[in-house]
Amino acid sequence: MQVSTTFYEGFGGAQLALHRLGTGRPVILLHGLFSSAEVNWIKYGTAAQLANAGFACLMPDLRVHGQSAAPHDPAAYPPDVLARDLEALVDRLALDDYDLVGFSLGSRTSARGVVAGLRPRRLVLAGMGLEGLAGWSGRQDFFIDVIDRFGTIRVGDPAYMAQQFLKTMKIDHQAARLLLGTMADTDPADLGALTMPTLVLCGDKDNDNGSADRLAAALPDARRATIPGTHMSSVTEPAMGAELVSFLTSPA
């Protein structure tokens, strides 16, 4: 199987990349902050595991990431623009029966999309805890600081690894700063909208976005799963794909 790439119009006409692998039941996979579909889903075989299990993997590069547009016009960054881009993808593909998987920022985007009205059959929130949704402003401030101090952060500083990842992924700093400003906290009461069966999936050493246990407890129909790894390394684990396949193919 080969990955194919096309482009679609997100909010405001932004050209966003969509990578596809496999045929069968549609599953949208949303990557993490400063990452890409290639790094999160393709490189380490997660998408291939899903494709081999009978899924059509739909993997957009989020705005400002990967091969997608990174506009500098502030008008291209209204509140919740990533959720709006997700809605545009669902509309463009006329999806009415699909699954939705997010990792880190992708989980936040998925949750915001469901709160706004999207209705996937099943939902996966990976690399995410309750504080990463309800207390996003703290994480937002952390990443804005990384951008503002880029190039001056030294080994030993808690922001060093984020700086190095930002550098490796060649993220446009100006666009990334605008994007970070579009994200608001999610009221825990709003999580009641996530009524579909949900998997909360985190590495055993991943607390970057707070407590996955508390997130699972806050959702109407969620179960918790743990795989090896930190926030950065868990996406490289074969266990990531195995857990996704198990959850998405399990009986209702």
# chains A, B, ... in the order shown; residues from 1 in each chain; ligands from 1
call {"tool": "select_by_dssp", "arguments": {"residues": "segment 85-246 of chain A", "states": "strand (DSSP E)", "output": "list in words"}}
result
Asp99, Leu100, Val101, Gly102, Phe103, Leu123, Val124, Leu125, Ala126, Thr198, Leu199, Val200, Leu201, Cys202, Gly203, Ala222, Arg223, Arg224, Ala225, Thr226 and Ile227 of chain A
call {"tool": "residues_around", "arguments": {"residues": "segment 78-87 of chain A", "least_positions_apart": "3", "cutoff": "6 Å", "atoms": "only C-alpha atoms", "output": "PyMOL selection string"}}
result
chain A and resi 10-11+90+109+113+182-183
call {"tool": "write_last_selection", "arguments": {"atoms": "N, CA and C atoms", "output": "tab-separated table (two decimals), in the first residue's frame"}}
result
chain	number	residue	atom	x	y	z
A	10	GLY	N	-9.39	24.30	3.71
A	10	GLY	CA	-9.84	24.45	5.08
A	10	GLY	C	-10.53	25.79	5.26
A	11	PHE	N	-10.64	26.23	6.49
A	11	PHE	CA	-11.29	27.52	6.77
A	11	PHE	C	-10.59	28.63	6.00
A	90	VAL	N	-14.50	16.87	7.02
A	90	VAL	CA	-15.66	15.96	7.10
A	90	VAL	C	-16.69	16.33	6.03
A	109	THR	N	-8.08	19.04	19.28
A	109	THR	CA	-8.87	19.42	18.11
A	109	THR	C	-10.07	18.51	17.94
A	113	GLY	N	-13.93	19.63	18.14
A	113	GLY	CA	-14.80	19.37	17.01
A	113	GLY	C	-16.08	18.67	17.43
A	182	THR	N	-5.38	30.75	18.93
A	182	THR	CA	-6.76	30.38	18.57
A	182	THR	C	-7.37	29.40	19.55
A	183	MET	N	-6.58	28.94	20.52
A	183	MET	CA	-7.01	27.81	21.35
A	183	MET	C	-7.42	28.28	22.75
call {"tool": "residues_around", "arguments": {"residues": "Leu118 of chain A", "least_positions_apart": "5", "cutoff": "12 Å", "atoms": "only C-alpha atoms", "output": "tab-separated table (two decimals) with all heavy atoms, in the first residue's frame"}}
result
chain	number	residue	atom	x	y	z
A	83	ALA	N	-10.49	23.10	14.63
A	83	ALA	CA	-11.77	22.39	14.63
A	83	ALA	C	-12.57	22.76	13.39
A	83	ALA	O	-13.26	21.91	12.80
A	83	ALA	CB	-12.55	22.69	15.90
A	84	ARG	N	-12.47	24.01	12.95
A	84	ARG	CA	-13.16	24.41	11.72
A	84	ARG	C	-12.56	23.71	10.50
A	84	ARG	O	-13.28	23.30	9.59
A	84	ARG	CB	-13.06	25.93	11.54
A	84	ARG	CG	-13.74	26.73	12.65
A	84	ARG	CD	-13.79	28.20	12.29
A	84	ARG	NE	-14.22	29.03	13.42
A	84	ARG	CZ	-14.70	30.25	13.29
A	84	ARG	NH1	-14.78	30.82	12.10
A	84	ARG	NH2	-15.07	30.95	14.36
A	86	LEU	N	-11.20	20.76	10.61
A	86	LEU	CA	-11.68	19.39	10.72
A	86	LEU	C	-13.10	19.27	10.18
A	86	LEU	O	-13.42	18.34	9.43
A	86	LEU	CB	-11.61	18.93	12.18
A	86	LEU	CG	-12.21	17.56	12.49
A	86	LEU	CD1	-11.54	16.46	11.68
A	86	LEU	CD2	-12.10	17.28	14.00
A	87	GLU	N	-13.95	20.21	10.53
A	87	GLU	CA	-15.32	20.22	10.00
A	87	GLU	C	-15.31	20.33	8.48
A	87	GLU	O	-16.10	19.66	7.79
A	87	GLU	CB	-16.11	21.39	10.61
A	87	GLU	CG	-16.39	21.24	12.09
A	87	GLU	CD	-16.90	22.53	12.72
A	87	GLU	OE1	-17.02	23.54	12.00
A	87	GLU	OE2	-17.18	22.50	13.93
A	88	ALA	N	-14.40	21.15	7.93
A	88	ALA	CA	-14.30	21.30	6.48
A	88	ALA	C	-13.91	19.98	5.82
A	88	ALA	O	-14.40	19.64	4.73
A	88	ALA	CB	-13.28	22.39	6.13
A	89	LEU	N	-13.02	19.21	6.47
A	89	LEU	CA	-12.61	17.93	5.92
A	89	LEU	C	-13.78	16.94	5.91
A	89	LEU	O	-14.02	16.26	4.91
A	89	LEU	CB	-11.45	17.35	6.74
A	89	LEU	CG	-10.97	15.96	6.33
A	89	LEU	CD1	-10.46	15.95	4.89
A	89	LEU	CD2	-9.89	15.46	7.29
A	90	VAL	N	-14.50	16.87	7.02
A	90	VAL	CA	-15.66	15.96	7.10
A	90	VAL	C	-16.69	16.33	6.03
A	90	VAL	O	-17.24	15.46	5.35
A	90	VAL	CB	-16.28	16.00	8.51
A	90	VAL	CG1	-17.61	15.25	8.55
A	90	VAL	CG2	-15.30	15.41	9.53
A	91	ASP	N	-16.93	17.63	5.86
A	91	ASP	CA	-17.88	18.08	4.84
A	91	ASP	C	-17.37	17.77	3.43
A	91	ASP	O	-18.13	17.32	2.57
A	91	ASP	CB	-18.14	19.58	4.98
A	91	ASP	CG	-18.96	19.93	6.21
A	91	ASP	OD1	-19.56	19.01	6.80
A	91	ASP	OD2	-18.97	21.11	6.60
A	95	LEU	N	-18.48	12.70	4.93
A	95	LEU	CA	-18.42	11.58	5.88
A	95	LEU	C	-19.61	11.64	6.83
A	95	LEU	O	-19.86	12.67	7.46
A	95	LEU	CB	-17.12	11.65	6.68
A	95	LEU	CG	-15.82	11.52	5.88
A	95	LEU	CD1	-14.62	11.69	6.81
A	95	LEU	CD2	-15.74	10.19	5.15
A	96	ASP	N	-20.32	10.53	6.95
A	96	ASP	CA	-21.41	10.47	7.93
A	96	ASP	C	-21.27	9.27	8.86
A	96	ASP	O	-22.05	9.09	9.79
A	96	ASP	CB	-22.78	10.46	7.26
A	96	ASP	CG	-22.94	9.31	6.26
A	96	ASP	OD1	-22.08	8.41	6.25
A	96	ASP	OD2	-23.93	9.33	5.51
A	97	ASP	N	-20.25	8.42	8.60
A	97	ASP	CA	-19.99	7.27	9.46
A	97	ASP	C	-18.48	7.04	9.45
A	97	ASP	O	-17.93	6.46	8.51
A	97	ASP	CB	-20.74	6.04	8.95
A	97	ASP	CG	-20.57	4.84	9.88
A	97	ASP	OD1	-20.18	5.03	11.05
A	97	ASP	OD2	-20.80	3.70	9.42
A	98	TYR	N	-17.80	7.51	10.49
A	98	TYR	CA	-16.34	7.49	10.52
A	98	TYR	C	-15.89	7.45	11.97
A	98	TYR	O	-16.67	7.69	12.90
A	98	TYR	CB	-15.77	8.72	9.83
A	98	TYR	CG	-16.17	10.03	10.49
A	98	TYR	CD1	-15.33	10.65	11.41
A	98	TYR	CD2	-17.40	10.63	10.23
A	98	TYR	CE1	-15.70	11.83	12.04
A	98	TYR	CE2	-17.78	11.80	10.85
A	98	TYR	CZ	-16.93	12.40	11.75
A	98	TYR	OH	-17.31	13.58	12.39
A	99	ASP	N	-14.62	7.16	12.18
A	99	ASP	CA	-14.00	7.21	13.50
A	99	ASP	C	-13.00	8.37	13.52
A	99	ASP	O	-12.53	8.81	12.46
A	99	ASP	CB	-13.31	5.90	13.83
A	99	ASP	CG	-14.29	4.73	13.89
A	99	ASP	OD1	-15.35	4.89	14.51
A	99	ASP	OD2	-14.00	3.68	13.28
A	100	LEU	N	-12.69	8.85	14.72
A	100	LEU	CA	-11.83	10.03	14.86
A	100	LEU	C	-10.79	9.75	15.94
A	100	LEU	O	-11.13	9.38	17.07
A	100	LEU	CB	-12.68	11.24	15.24
A	100	LEU	CG	-11.97	12.57	15.47
A	100	LEU	CD1	-11.18	13.01	14.24
A	100	LEU	CD2	-13.00	13.65	15.86
A	109	THR	N	-8.08	19.04	19.28
A	109	THR	CA	-8.87	19.42	18.11
A	109	THR	C	-10.07	18.51	17.94
A	109	THR	O	-11.18	18.97	17.62
A	109	THR	CB	-7.98	19.38	16.85
A	109	THR	OG1	-6.87	20.26	17.04
A	109	THR	CG2	-8.75	19.79	15.61
A	110	SER	N	-9.88	17.21	18.16
A	110	SER	CA	-10.97	16.26	18.05
A	110	SER	C	-12.07	16.56	19.07
A	110	SER	O	-13.26	16.58	18.74
A	110	SER	CB	-10.45	14.83	18.26
A	110	SER	OG	-9.52	14.48	17.26
A	111	ALA	N	-11.66	16.79	20.32
A	111	ALA	CA	-12.64	17.09	21.36
A	111	ALA	C	-13.40	18.37	21.06
A	111	ALA	O	-14.63	18.44	21.20
A	111	ALA	CB	-11.94	17.19	22.72
A	112	ARG	N	-12.69	19.40	20.61
A	112	ARG	CA	-13.35	20.66	20.27
A	112	ARG	C	-14.31	20.48	19.10
A	112	ARG	O	-15.38	21.08	19.05
A	112	ARG	CB	-12.32	21.73	19.95
A	112	ARG	CG	-11.37	22.07	21.08
A	112	ARG	CD	-12.02	22.76	22.23
A	112	ARG	NE	-12.46	24.11	21.91
A	112	ARG	CZ	-13.00	24.96	22.80
A	112	ARG	NH1	-13.19	24.57	24.05
A	112	ARG	NH2	-13.35	26.17	22.43
A	113	GLY	N	-13.93	19.63	18.14
A	113	GLY	CA	-14.80	19.37	17.01
A	113	GLY	C	-16.08	18.67	17.43
A	113	GLY	O	-17.18	19.01	16.95
A	123	LEU	N	-14.26	7.57	19.22
A	123	LEU	CA	-13.31	8.65	19.40
A	123	LEU	C	-12.12	8.14	20.20
A	123	LEU	O	-12.29	7.39	21.17
A	123	LEU	CB	-13.99	9.81	20.14
A	123	LEU	CG	-13.16	11.02	20.54
A	123	LEU	CD1	-12.69	11.79	19.30
A	123	LEU	CD2	-13.99	11.94	21.45
A	193	ALA	N	-20.61	16.35	25.92
A	193	ALA	CA	-20.98	16.18	24.51
A	193	ALA	C	-20.27	14.99	23.87
A	193	ALA	O	-20.69	14.52	22.81
A	193	ALA	CB	-20.66	17.45	23.73
A	194	LEU	N	-19.22	14.48	24.51
A	194	LEU	CA	-18.46	13.37	23.95
A	194	LEU	C	-19.12	12.06	24.37
A	194	LEU	O	-18.59	11.28	25.17
A	194	LEU	CB	-17.01	13.43	24.41
A	194	LEU	CG	-16.07	14.40	23.67
A	194	LEU	CD1	-16.54	15.83	23.81
A	194	LEU	CD2	-14.64	14.27	24.17
A	195	THR	N	-20.31	11.81	23.83
A	195	THR	CA	-21.13	10.67	24.27
A	195	THR	C	-20.76	9.36	23.60
A	195	THR	O	-21.17	8.30	24.06
A	195	THR	CB	-22.60	10.96	24.00
A	195	THR	OG1	-22.77	11.26	22.60
A	195	THR	CG2	-23.09	12.15	24.82
A	196	MET	N	-20.02	9.42	22.50
A	196	MET	CA	-19.65	8.18	21.79
A	196	MET	C	-18.61	7.40	22.58
A	196	MET	O	-17.90	7.98	23.41
A	196	MET	CB	-19.13	8.50	20.39
A	196	MET	CG	-17.84	9.30	20.34
A	196	MET	SD	-18.02	11.06	20.81
A	196	MET	CE	-19.21	11.60	19.58
call {"tool": "select_by_dssp", "arguments": {"residues": "segment 6-247 of chain A", "states": "alpha helix (DSSP H)", "output": "ChimeraX atom specification"}}
result
/A:37,46-52,81-92,105-115,130-134,136-148,160-168,173-180,212-218,238-247
call {"tool": "closest_residue", "arguments": {"among": "A:Gln15, A:Leu199, A:Pro251, A:Arg119", "to": "Val101 of chain A", "atoms": "only C-alpha atoms"}}
result
A:Leu199
call {"tool": "residues_around", "arguments": {"residues": "Thr230 of chain A", "least_positions_apart": "5", "cutoff": "12 Å", "atoms": "only C-alpha atoms", "output": "MDAnalysis selection string"}}
result
chainID A and resid 126:128 201:209 235:237
call {"tool": "atom_distance", "arguments": {"atom1": "atom CA of Gly32 of chain A", "atom2": "atom CA of His231 of chain A"}}
result
10.0 Å
call {"tool": "closest_residue", "arguments": {"among": "A:Gly229, A:Pro71, A:Pro158, A:Pro220", "to": "Ala189 of chain A", "atoms": "only C-alpha atoms"}}
result
A:Pro220
call {"tool": "residues_around", "arguments": {"residues": "segment 54-59 of chain A", "least_positions_apart": "4", "cutoff": "7 Å", "atoms": "only C-alpha atoms", "output": "PyMOL selection string"}}
result
chain A and resi 18-30+37+47+50
call {"tool": "write_last_selection", "arguments": {"atoms": "C-alpha atoms", "output": "compact mmCIF listing (two decimals), in the first residue's frame"}}
result
# COMPACT_ATOMS: atom_id res chain seq x y z
CA LEU A 18 -4.47 15.17 3.26
CA HIS A 19 -2.56 11.89 3.26
CA ARG A 20 -4.42 8.61 2.67
CA LEU A 21 -3.55 4.99 3.24
CA GLY A 22 -5.75 1.91 2.90
CA THR A 23 -9.34 1.23 2.00
CA GLY A 24 -12.37 0.44 4.11
CA ARG A 25 -13.92 2.17 7.07
CA PRO A 26 -12.86 5.87 7.28
CA VAL A 27 -10.77 6.92 10.27
CA ILE A 28 -9.46 10.47 10.61
CA LEU A 29 -6.08 10.71 12.37
CA LEU A 30 -4.99 14.10 13.75
CA ALA A 37 0.86 13.07 9.70
CA ALA A 47 -1.40 3.94 9.87
CA LEU A 50 -4.97 0.37 10.75
call {"tool": "residues_around", "arguments": {"residues": "Ala216 of chain A", "least_positions_apart": "6", "cutoff": "9 Å", "atoms": "only C-alpha atoms", "output": "list in words"}}
result
Gly129, Leu130, Thr198, Leu199, Val200, Ala222, Arg223 and Arg224 of chain A
call {"tool": "closest_residue", "arguments": {"among": "A:Leu179, A:Ile42, A:Ala252, A:Ala94", "to": "Ser4 of chain A", "atoms": "only C-alpha atoms"}}
result
A:Ile42
call {"tool": "residues_around", "arguments": {"residues": "Val245 of chain A", "least_positions_apart": "2", "cutoff": "10 Å", "atoms": "only C-alpha atoms", "output": "list in words"}}
result
Thr46, Ala47, Gln49, Leu50, Ala51, Asn52, Ala53, Gly54, Phe55, Ala239, Met240, Gly241, Ala242, Glu243, Phe247, Leu248, Thr249 and Ser250 of chain A
call {"tool": "write_last_selection", "arguments": {"atoms": "C-alpha atoms", "output": "CSV table (one decimal), in the first residue's frame"}}
result
chain,number,residue,atom,x,y,z
A,46,THR,CA,0.5,3.1,13.0
A,47,ALA,CA,-1.4,3.9,9.9
A,49,GLN,CA,-1.6,-1.3,11.2
A,50,LEU,CA,-5.0,0.4,10.8
A,51,ALA,CA,-4.9,0.0,7.0
A,52,ASN,CA,-4.1,-3.7,7.3
A,53,ALA,CA,-7.1,-4.0,9.7
A,54,GLY,CA,-9.5,-2.7,7.0
A,55,PHE,CA,-9.5,1.1,7.6
A,239,ALA,CA,1.5,-0.7,20.8
A,240,MET,CA,-0.1,2.5,19.7
A,241,GLY,CA,-1.4,1.0,16.5
A,242,ALA,CA,-2.4,-2.2,18.3
A,243,GLU,CA,-4.5,-0.4,20.8
A,247,PHE,CA,-10.6,-0.4,20.2
A,248,LEU,CA,-11.9,0.5,16.7
A,249,THR,CA,-12.7,-3.1,15.8
A,250,SER,CA,-14.2,-4.2,19.1
call {"tool": "closest_residue", "arguments": {"among": "A:Leu180, A:Met169, A:Ala75, A:Leu191", "to": "Leu219 of chain A", "atoms": "only C-alpha atoms"}}
result
A:Leu191
call {"tool": "closest_residue", "arguments": {"among": "A:Ile171, A:Leu93, A:Ala218, A:Ile227", "to": "Phe34 of chain A", "atoms": "only C-alpha atoms"}}
result
A:Ile171
call {"tool": "atom_distance", "arguments": {"atom1": "atom CA of Ile153 of chain A", "atom2": "atom CA of Trp41 of chain A"}}
result
28.6 Å
call {"tool": "decode", "arguments": {"residues": "segment 61-75 of chain A", "atoms": "all heavy atoms", "output": "CSV table (one decimal), in the first residue's frame"}}
result
chain,number,residue,atom,x,y,z
A,61,ASP,N,-2.5,17.1,7.5
A,61,ASP,CA,-1.5,17.9,8.2
A,61,ASP,C,-2.2,19.1,8.6
A,61,ASP,O,-2.9,19.9,7.8
A,61,ASP,CB,-0.4,18.4,7.2
A,61,ASP,CG,0.6,17.3,6.9
A,61,ASP,OD1,0.8,16.4,7.8
A,61,ASP,OD2,1.3,17.3,5.8
A,62,LEU,N,-2.3,19.4,9.9
A,62,LEU,CA,-3.0,20.5,10.5
A,62,LEU,C,-2.4,21.8,9.9
A,62,LEU,O,-1.2,21.9,9.6
A,62,LEU,CB,-2.9,20.5,12.0
A,62,LEU,CG,-3.5,19.3,12.7
A,62,LEU,CD1,-3.3,19.4,14.2
A,62,LEU,CD2,-5.0,19.1,12.3
A,63,ARG,N,-3.2,22.8,9.9
A,63,ARG,CA,-2.7,24.2,9.5
A,63,ARG,C,-1.4,24.5,10.2
A,63,ARG,O,-1.3,24.3,11.4
A,63,ARG,CB,-3.8,25.2,9.9
A,63,ARG,CG,-3.6,26.6,9.6
A,63,ARG,CD,-4.8,27.4,10.0
A,63,ARG,NE,-6.0,27.0,9.3
A,63,ARG,CZ,-6.7,27.8,8.4
A,63,ARG,NH1,-6.4,29.0,8.2
A,63,ARG,NH2,-7.8,27.3,7.8
A,64,VAL,N,-0.4,25.0,9.5
A,64,VAL,CA,0.9,25.4,10.0
A,64,VAL,C,1.8,24.2,10.1
A,64,VAL,O,3.0,24.4,10.5
A,64,VAL,CB,0.8,26.2,11.3
A,64,VAL,CG1,2.1,26.8,11.8
A,64,VAL,CG2,-0.2,27.4,11.2
A,65,HIS,N,1.4,23.0,9.8
A,65,HIS,CA,2.2,21.8,10.0
A,65,HIS,C,2.4,21.1,8.7
A,65,HIS,O,1.5,21.2,7.8
A,65,HIS,CB,1.5,20.9,11.0
A,65,HIS,CG,1.3,21.4,12.4
A,65,HIS,ND1,0.4,22.4,12.7
A,65,HIS,CD2,2.0,21.2,13.5
A,65,HIS,CE1,0.5,22.7,14.0
A,65,HIS,NE2,1.5,22.0,14.5
A,66,GLY,N,3.4,20.3,8.6
A,66,GLY,CA,3.7,19.5,7.4
A,66,GLY,C,3.6,20.2,6.1
A,66,GLY,O,4.2,21.2,5.9
A,67,GLN,N,2.8,19.7,5.2
A,67,GLN,CA,2.7,20.3,3.9
A,67,GLN,C,1.5,21.3,3.7
A,67,GLN,O,1.3,21.7,2.6
A,67,GLN,CB,2.5,19.2,2.8
A,67,GLN,CG,3.7,18.2,2.7
A,67,GLN,CD,3.4,17.1,1.7
A,67,GLN,OE1,2.9,17.3,0.6
A,67,GLN,NE2,3.8,15.9,2.1
A,68,SER,N,0.9,21.6,4.8
A,68,SER,CA,-0.3,22.5,4.8
A,68,SER,C,0.2,23.9,4.9
A,68,SER,O,1.3,24.2,5.3
A,68,SER,CB,-1.2,22.1,6.0
A,68,SER,OG,-1.9,20.9,5.7
A,69,ALA,N,-0.7,24.8,4.5
A,69,ALA,CA,-0.5,26.2,4.5
A,69,ALA,C,-0.2,26.8,5.9
A,69,ALA,O,-0.7,26.3,6.9
A,69,ALA,CB,-1.7,27.0,3.9
A,70,ALA,N,0.7,27.8,5.9
A,70,ALA,CA,1.0,28.5,7.2
A,70,ALA,C,0.9,30.0,7.0
A,70,ALA,O,1.9,30.7,6.9
A,70,ALA,CB,2.4,28.1,7.6
A,71,PRO,N,-0.4,30.5,6.8
A,71,PRO,CA,-0.5,31.9,6.4
A,71,PRO,C,-0.1,32.8,7.6
A,71,PRO,O,-0.1,32.4,8.8
A,71,PRO,CB,-2.0,32.0,6.2
A,71,PRO,CG,-2.6,30.8,6.9
A,71,PRO,CD,-1.6,29.7,6.8
A,72,HIS,N,0.3,34.0,7.3
A,72,HIS,CA,0.7,35.0,8.2
A,72,HIS,C,-0.4,36.0,8.5
A,72,HIS,O,-0.2,36.9,9.4
A,72,HIS,CB,2.0,35.7,7.8
A,72,HIS,CG,3.2,34.9,7.9
A,72,HIS,ND1,4.5,35.3,7.6
A,72,HIS,CD2,3.3,33.6,8.3
A,72,HIS,CE1,5.3,34.3,7.8
A,72,HIS,NE2,4.7,33.3,8.2
A,73,ASP,N,-1.5,36.0,7.8
A,73,ASP,CA,-2.6,36.9,8.0
A,73,ASP,C,-3.4,36.5,9.3
A,73,ASP,O,-3.9,35.4,9.4
A,73,ASP,CB,-3.6,36.8,6.8
A,73,ASP,CG,-4.7,37.8,6.9
A,73,ASP,OD1,-4.8,38.5,7.9
A,73,ASP,OD2,-5.5,37.9,5.9
A,74,PRO,N,-3.5,37.4,10.3
A,74,PRO,CA,-4.2,37.1,11.5
A,74,PRO,C,-5.6,36.6,11.2
A,74,PRO,O,-6.2,35.9,12.0
A,74,PRO,CB,-4.1,38.4,12.3
A,74,PRO,CG,-2.9,39.0,11.8
A,74,PRO,CD,-2.8,38.7,10.4
A,75,ALA,N,-6.2,37.1,10.1
A,75,ALA,CA,-7.6,36.7,9.8
A,75,ALA,C,-7.8,35.2,9.5
A,75,ALA,O,-8.9,34.7,9.6
A,75,ALA,CB,-8.1,37.5,8.6
